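Source file final_5.tsv; content: TSV, C-alpha atoms.
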chain	number	residue	atom	x	y	z
R	823	MET	CA	-43.41	-35.06	39.56
R	824	ALA	CA	-40.47	-34.58	37.20
R	825	ASN	CA	-38.18	-31.60	36.98
R	826	ILE	CA	-39.90	-28.26	37.42
R	827	LEU	CA	-38.53	-25.72	34.98
R	828	GLY	CA	-37.93	-22.08	35.82
R	829	ILE	CA	-40.73	-21.01	33.50
R	830	GLN	CA	-43.09	-23.32	35.39
R	831	ILE	CA	-42.14	-21.70	38.70
R	832	LEU	CA	-42.76	-18.30	37.14
R	833	GLY	CA	-46.13	-19.48	35.79
R	834	ILE	CA	-47.14	-20.91	39.18
R	835	LEU	CA	-46.19	-17.70	40.98
R	836	PHE	CA	-48.09	-15.68	38.38
R	837	GLY	CA	-51.16	-17.92	38.79
R	838	PHE	CA	-51.11	-17.56	42.58
R	839	PHE	CA	-50.62	-13.79	42.32
R	840	MET	CA	-53.57	-13.50	39.94
R	841	MET	CA	-55.77	-15.60	42.25
R	842	TYR	CA	-54.86	-13.24	45.11
R	843	TYR	CA	-55.46	-10.15	42.94
R	844	THR	CA	-58.83	-11.58	41.86
R	845	PHE	CA	-59.70	-12.06	45.53
R	846	LEU	CA	-58.74	-8.44	46.27
R	847	GLN	CA	-60.95	-7.21	43.42
R	848	TYR	CA	-63.85	-9.21	44.86
R	849	LYS	CA	-63.28	-7.84	48.38
R	850	ARG	CA	-63.23	-4.28	46.99
R	851	LYS	CA	-66.62	-5.06	45.40
R	852	GLU	CA	-65.21	-4.54	41.90
R	853	PHE	CA	-66.12	-8.15	40.93
R	854	THR	CA	-69.42	-9.91	41.48
R	855	ILE	CA	-69.40	-13.42	42.93
R	856	LYS	CA	-69.84	-14.83	39.40
R	857	GLU	CA	-66.89	-12.85	38.05
R	858	TYR	CA	-64.79	-13.79	41.05
R	859	SER	CA	-65.66	-17.47	40.68
R	860	PHE	CA	-64.91	-17.49	36.95
R	861	TRP	CA	-61.53	-15.78	37.27
R	862	PHE	CA	-60.49	-17.75	40.35
R	863	VAL	CA	-61.22	-21.06	38.60
R	864	PHE	CA	-59.48	-19.79	35.45
R	865	TRP	CA	-56.30	-18.95	37.38
R	866	ALA	CA	-56.47	-22.22	39.33
R	867	VAL	CA	-56.69	-24.20	36.07
R	868	PHE	CA	-53.85	-22.09	34.65
R	869	THR	CA	-51.71	-22.96	37.68
R	870	ILE	CA	-52.52	-26.67	37.47
R	871	VAL	CA	-51.76	-26.80	33.73
R	872	THR	CA	-48.51	-24.95	34.37
R	873	LEU	CA	-47.55	-27.48	37.02
R	874	PHE	CA	-48.71	-30.52	34.99
R	875	PRO	CA	-48.45	-29.61	31.27
R	876	GLN	CA	-48.85	-33.27	30.25
R	877	ILE	CA	-52.58	-32.84	31.00
R	878	LEU	CA	-52.82	-31.15	27.60
R	879	ASP	CA	-51.17	-34.00	25.63
R	880	PRO	CA	-54.46	-35.47	24.30
R	881	LEU	CA	-55.52	-32.03	23.08
R	882	LEU	CA	-52.14	-31.41	21.47
R	883	LYS	CA	-52.27	-34.74	19.64
R	884	THR	CA	-55.79	-33.98	18.42
R	885	PHE	CA	-54.64	-30.73	16.79
R	886	SER	CA	-51.21	-32.10	15.74
R	887	ILE	CA	-49.31	-29.53	17.81
R	888	ALA	CA	-45.80	-30.66	18.69
R	889	ARG	CA	-45.12	-28.69	21.87
R	890	THR	CA	-47.25	-27.37	24.72
R	891	LEU	CA	-45.63	-23.95	24.41
R	892	ASP	CA	-46.78	-23.75	20.77
R	893	PHE	CA	-50.33	-24.42	21.97
R	894	PHE	CA	-50.13	-21.62	24.52
R	895	ILE	CA	-48.71	-19.20	21.96
R	896	ILE	CA	-51.48	-20.01	19.45
R	897	THR	CA	-54.15	-19.78	22.16
R	898	GLY	CA	-52.68	-16.48	23.37
R	899	PHE	CA	-52.79	-14.93	19.91
R	900	LEU	CA	-56.38	-16.07	19.37
R	901	PHE	CA	-57.35	-14.64	22.74
R	902	LEU	CA	-55.67	-11.30	21.99
R	903	ILE	CA	-57.38	-11.07	18.61
R	904	PHE	CA	-60.75	-11.79	20.23
R	905	VAL	CA	-60.21	-9.25	23.01
R	906	SER	CA	-59.09	-6.59	20.51
R	907	PHE	CA	-62.16	-7.14	18.36
R	908	TYR	CA	-64.49	-7.15	21.36
R	909	THR	CA	-62.92	-3.93	22.70
R	910	TYR	CA	-63.26	-2.30	19.28
R	911	THR	CA	-66.96	-3.19	19.09
R	912	MET	CA	-67.59	-1.85	22.61
R	913	VAL	CA	-65.79	1.41	21.79
R	914	ARG	CA	-67.85	1.85	18.61
R	915	LYS	CA	-71.06	1.18	20.53
R	916	ASN	CA	-70.09	3.78	23.16
R	917	GLN	CA	-69.16	6.29	20.44
R	918	ARG	CA	-72.61	5.93	18.89
R	919	LYS	CA	-74.30	6.39	22.27
R	920	ILE	CA	-72.22	9.51	23.00
R	921	GLU	CA	-73.02	10.94	19.56
R	922	GLU	CA	-76.72	10.38	20.20
R	923	ILE	CA	-76.55	12.05	23.63
R	924	VAL	CA	-74.60	15.02	22.25
R	925	ARG	CA	-77.05	15.34	19.35
R	926	LYS	CA	-80.04	15.37	21.71
R	927	ALA	CA	-78.35	17.89	24.03
R	928	ALA	CA	-77.51	20.16	21.07
R	929	LEU	CA	-81.10	20.05	19.81
R	930	LYS	CA	-82.45	20.86	23.27
R	931	ARG	CA	-80.23	23.94	23.54
R	932	LYS	CA	-81.33	25.23	20.18
What is this file in structure tokens?
Amino acid sequence: MANILGIQILGILFGFFMMYYTFLQYKRKEFTIKEYSFWFVFWAVFTIVTLFPQILDPLLKTFSIARTLDFFIITGFLFLIFVSFYTYTMVRKNQRKIEEIVRKAALKRK
């Protein structure tokens, strides 16, 4: 193992913290076993990739990305765009359901 950079130490600590937090959410029954398993594996892979970023070299060469950090930045932006769009669609769906419920309640009162 070569030099570990400060940002790698921060990433490893963050990964371990998130694995612990995921475990707490599972113990509080806020996550199902499937959700817990998914997020625990996600954070474990995140920690491993943080510790050994050279694992991603074949992927970076495939997409002609010069640095690993560039890959993470691009992936992060794509993820945020996806999450924003998904959240927007869920909010719109809930708005329509609430409108329907309010409409039915108003008609019943009349």
- Quick one, how far is atom CA of Lys932 of chain R from atom CA of Ile920 of chain R? 18.4 Å
- Message: Which residues are close to Leu878 of chain R, i.e. within 9 Å by all atoms listed in the file, leaving aside same-chain residues fewer than 5 positions away? Reply as a list in words.
- Response: Val871, Lys883 and Thr890 of chain R
List the residues sitting within 7 Å of (-45.6, -22.7, 35.1) in the file's frame, using only C-alpha atoms, as a JSON list (two decimals) with C-alpha atoms, keeping the file's coordinate frame.
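Printed below is result38.json as written:
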[["chain", "number", "residue", "atom", "x", "y", "z"],
["R", 829, "ILE", "CA", -40.73, -21.01, 33.50],
["R", 830, "GLN", "CA", -43.09, -23.32, 35.39],
["R", 831, "ILE", "CA", -42.14, -21.70, 38.70],
["R", 832, "LEU", "CA", -42.76, -18.30, 37.14],
["R", 833, "GLY", "CA", -46.13, -19.48, 35.79],
["R", 834, "ILE", "CA", -47.14, -20.91, 39.18],
["R", 869, "THR", "CA", -51.71, -22.96, 37.68],
["R", 872, "THR", "CA", -48.51, -24.95, 34.37],
["R", 873, "LEU", "CA", -47.55, -27.48, 37.02]]
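The space separating atom CA of Phe899 of chain R from atom CA of Pro875 of chain R comes to 19.1 Å.
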- Å distance separating atom CA of Ile896 of chain R from atom CA of Asp879 of chain R, one decimal place: 15.3 Å
- Please identify all polymer residues within 10 Å of segment 841-854 of chain R, counting all atoms listed in the file, omitting same-chain residues fewer than 5 positions from it, and present them as JSON, numbers by chain. {"R": [835, 836, 859, 860, 861, 862, 863, 864, 865, 866, 869]}
Grab the residues selected above and save them as an mmCIF file, in the frame of the given file with C-alpha atoms.
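File out-v9.cif, as written:
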data_model
loop_
_atom_site.group_PDB
_atom_site.id
_atom_site.type_symbol
_atom_site.label_atom_id
_atom_site.label_comp_id
_atom_site.auth_asym_id
_atom_site.auth_seq_id
_atom_site.Cartn_x
_atom_site.Cartn_y
_atom_site.Cartn_z
ATOM 1 C CA LEU R 835 -46.190 -17.700 40.980
ATOM 2 C CA PHE R 836 -48.090 -15.680 38.380
ATOM 3 C CA SER R 859 -65.660 -17.470 40.680
ATOM 4 C CA PHE R 860 -64.910 -17.490 36.950
ATOM 5 C CA TRP R 861 -61.530 -15.780 37.270
ATOM 6 C CA PHE R 862 -60.490 -17.750 40.350
ATOM 7 C CA VAL R 863 -61.220 -21.060 38.600
ATOM 8 C CA PHE R 864 -59.480 -19.790 35.450
ATOM 9 C CA TRP R 865 -56.300 -18.950 37.380
ATOM 10 C CA ALA R 866 -56.470 -22.220 39.330
ATOM 11 C CA THR R 869 -51.710 -22.960 37.680
#
- Query: Out of R:Met840, R:Leu827, R:Ile870, R:Leu891, which residue has the shortest atom-to-atom distance to Tyr858 of chain R when counting all atoms listed in the file?
  - Reply: R:Met840
